[in-house]
Amino acid sequence: MKPEVFLMPAIEQAIDQLFPGVSVPIEFQSTRKDFEGDITLVIFPMLRAIKTNPEALGRQLGEFLTQQLPQVSGFNVVKGFLNISFSDAFFIESLKQMHGQPDYGRAESSGRALLVEYSSPNTNKPLHLGHIRNNLLGYSVSEILKAAGHKVYKTQIINDRGIHICKSMWAWREFGQGQTPEQLGIKGDKLVGNYYVKFDQVYKEQQRELIAQGLSKEEAEAQAPALLAAKAMLRSWEAGDDEVVALWKRMNQWVYDGFEATYDKLGVDFDQNYYESETYLLGKQDIENGLNQGVFYRKEDGSVWCDLTDEGLDHKIVLRSDGTSVYMTQDIGTAAQRMADYPDADGMIYTVGNEQDYHFKVLFLILSRLGYSWAKNLYHLSYGMVDLPSGKMKSREGTVVDADDLIEQMVQTAQAITQELGKIDDLSQDQRASLFNTIGLGALKYYILKVDPKKRILFNPEESVDFQGNTGPFIQYAYARIQSILRKSGNTGPVEDGTIQWQGLNLEQRERALLKTLMQFPDKVTEAAAAYSPAIIANYTYDLVKEFNTFYQNVSILGAKEAGLMDFRLALAELTGRVIKSSCTLLGIEVPDQM
RNA sequence: GGCCUCGUAGUUCAAGGGAUAGAAUAGAAGUUUCCUAAACUUUAGAUCCAGGUUCGAGUCCUGGCGAGGCUACCA
């Protein structure tokens with residue numbers, strides 16, 4: 001049981017006895033390391049309601065709690081802080097309770113369902129480092145929301161139509177000599193990406209020629225034959241031209257196969273895919289309805305706008321003068337479509353980079369004005385860019401870090417470092433390959449998820465593979481050591497409740513510290529779900545592992561002499577392992593039994 | 001120009017308005033008869049600047065400075 005649960009009413013009771021009729025804010029925080037105590041009540045905020053000396057009030061409350069509550073073993077007051085200590089019996093009882101819950105840290109069902117959108121790639125190029133951050137965040141937040149009790153549907157919208165894919169299509173048809181990914185032995189998304197680059201090279205070359213002939217930069221950009229050809233292709237596609245549509249389907253399928261392989265490797269998945277080619281016409285009815293409701297207005301040229309100046313924003317176009325959709329139109333329609341497809345869901349999380357902050361602000365506002373009840377439950381999970389030491393990634397300049405290459409590099413580094421340590425010589429080839437994969441990906445995922453989503457990350461591919469300190473492998477290693485303890489104890493499964501001697505033990509500081517950290521886990525899950533932030537789970541997990549390491553290094557587990565103590569410590573270690581595994585699951589990180 | 005985000009040890013990250021701003025790395029010094037030393041223990045080092053609100057500010061407000069993003073009848 002959380003200490004707040006029994007402290008809260010007792011404090012209220014004490015205040016009521018000492019100062020009848022007065023209600024005060026009750027604020028807890030965990031006790032800082034250098035002070036004695038397990039939880040701290042902050043007295044300062046109470047002084048607004050009660051004019052008194054904070055130290056005196058602290059002492060009065062401390063004495064009351066020590067007398068009334070068996071769980072409270074003592075207290076001390078430092079300035080306006082009441083540090084409360086708990087009894088060993090309380091900690092032992094807490095371990096017993098946590099240990100008895102197989103799903104410790106997972107909340108009861110909330111009855112709510114949510115949609116989480118992430119990834120949403122374009123089909124003209126392979127996934128890169130930016131997508132990795134997006135995918136890891138979206139997947140992890142989905143897992144965290146599930147643990148907080150919600151039902152989650154993971155979706156992505158695949159941007160499979162438009163000028164970008166036509167550029168790749170045109171370039172492949174011109175220069176590809178009909179060669180397929182199979183014939184070339186490369187992934188389909190790579191092949192299509194290569195022809196996107198090829199297009200750009202040809203396009204640039206043509207611009208140079210036109211400029212040499214005396215055209216302006218703007219004219220050259222608009223008139224280069226490659227661009228005209230790609231635009232013509234887009235028109236043919238929209239007209240349903242059989243040949244173009246067939247080529248589009250064929251090349252998109254290559255890309256989907258490539259994406260699937262990358263998603264598999266990353267360990268992410270989706271419950272449903274949406275395709276822009278099927279949704280890009282949605283939203284027009286909403287615009288019509290909005291016009292009738294007065295949410296939008298029509299300009300003289302026929303274009304439709306939304307006036308957001310009363311919200312401190314500007315006017316936003318939602319329909320062009322020729323009646324065609326813009327991005328916003330599609331997003332309005334797609335949101336409504338998805339909520340209709342999942343009637344049990346009442347909200348949606350969009351995992352999209354922060355360069356679209358403004359877009360989503362506007363989108364949510366418009367949806368709310370259109371009267372959708374779920375519009376208040378929309379959240380833009382906005383994340384910062386991933387920068388390289390060399391600067392920003394630019395796909396056209398070839399400075400992107402390819403997702404597959406990066407994963408491969410991480411796994412190879414994991415292999416090199418692990419083999420050097422030589423602890424896994426008794427594993428089979430397959431087991432080793434799987435282990436290198438687990439460690440390499442664990443390093444990558446943790447490195448990215450431990451950072452607050454909204455902050456930008458400076459990603460140095462060479463230095464990122466660090467297996468020491470605040471890293472994924474550090475956490476995985478701690479888990480592996482715990483499994484080793486359980487194996488050596490002859491007890492590979494959960495420690496049986498019946499064998500544990502729960503009474504009459506004197507706990508060491510390190511055991512109490514570890515238990516306190518373990519008790520925080522359910523709160524951290526709730527907190528992370530409310531903030532949509534895997535970083536909270538990552539940093540908690542790291543704290544837990546550090547706490548375990550000091551415990552492990554300084555307290556004998558298998559060699560414990562006192563009656564029942566070994567079983568108690570085994571149960572503590574086993575629970576720690578379980579919580580580490582649960583947290584890692586929330587982050588999408590696997591933990592190995594041995595490494 | 002307008003709007004939005006971010007500025008914390010050399011570096012990468014923490015800190016629900018609360019105590020002496022935590023870690024990790026890199027640097028210096030230690031610990032393997034013992035459950036995995038990818039560990040542990042010591043040590044040194046930081047809130048961009050100037051005001052304000054508060055009993056109390058890295059956190060909130062105002063103004064600078066610096067970095068990035070948005071500001072398309074592109075998606």
# chains A, B, ... in the order shown; residues from 1 in each chain; ligands from 1

$ closest_atom_pairs --of "chain B" --to "chain A" --cutoff "10 Å" --atoms "only C-alpha atoms (C1' of nucleotides)" --output "tab-separated table"
residue	atom	partner	partner_atom	distance
B:C3	C1'	A:Leu313	CA	8.0
B:C4	C1'	A:Tyr358	CA	7.7
B:U5	C1'	A:Lys454	CA	8.1
B:C6	C1'	A:Lys455	CA	6.9
B:U12	C1'	A:Leu458	CA	8.7
B:C13	C1'	A:Val451	CA	6.8
B:A14	C1'	A:Asn539	CA	8.0
B:G16	C1'	A:Gln29	CA	9.0
B:G18	C1'	A:Val42	CA	7.8
B:A19	C1'	A:Phe81	CA	7.8
B:U20	C1'	A:Asp34	CA	9.4
B:A23	C1'	A:Asn470	CA	8.0
B:A24	C1'	A:Gly469	CA	5.1
B:U25	C1'	A:Gly469	CA	7.2
B:C34	C1'	A:Ser556	CA	8.7
B:C35	C1'	A:Ile485	CA	5.5
B:U36	C1'	A:Arg481	CA	5.8
B:A38	C1'	A:Gln468	CA	6.3
B:A39	C1'	A:Asn549	CA	7.3
B:C40	C1'	A:Gln553	CA	6.3
B:C55	C1'	A:Phe44	CA	8.1
B:G56	C1'	A:Phe44	CA	9.3
B:G68	C1'	A:Arg456	CA	8.9
B:G69	C1'	A:Glu355	CA	5.5
B:C70	C1'	A:Glu355	CA	6.4
B:U71	C1'	A:Tyr358	CA	9.3
B:C73	C1'	A:Arg320	CA	4.8
B:C74	C1'	A:Tyr327	CA	8.4
B:A75	C1'	A:Tyr327	CA	6.2

$ residues_around --residues "U42 of chain B" --least-positions-apart "5" --cutoff "12 Å" --atoms "only C-alpha atoms (C1' of nucleotides)" --output "list in words"
A28, A29, G30 and U31 of chain B

$ residues_around --residues "segment 49-52 of chain B" --least-positions-apart "5" --cutoff "8 Å" --atoms "only C-alpha atoms (C1' of nucleotides)" --output "VMD selection string"
chain B and resid 61 to 65

$ atom_distance --atom1 "atom C1' of G66 of chain B" --atom2 "atom C1' of G17 of chain B"
26.5 Å

$ select_by_dssp --residues "segment 344-478 of chain A" --states "helix (DSSP H, G or I)" --output "VMD selection string"
chain A and resid 354 to 369 373 to 377 395 to 397 403 to 421 429 to 449 472 to 478

$ select_by_dssp --residues "segment 257-391 of chain A" --states "strand (DSSP E)" --output "PyMOL selection string"
chain A and resi 272-275+297-298+304-307+315-319+345-353+378-383+386-387

$ atom_distance --atom1 "atom CA of Leu227 of chain A" --atom2 "atom CA of Gly176 of chain A"
17.5 Å

$ residues_around --residues "Glu462 of chain A" --least-positions-apart "5" --cutoff "10 Å" --atoms "only C-alpha atoms (C1' of nucleotides)" --output "PyMOL selection string"
chain A and resi 409-410+413

$ atom_distance --atom1 "atom CA of Thr526 of chain A" --atom2 "atom CA of His380 of chain A"
18.6 Å
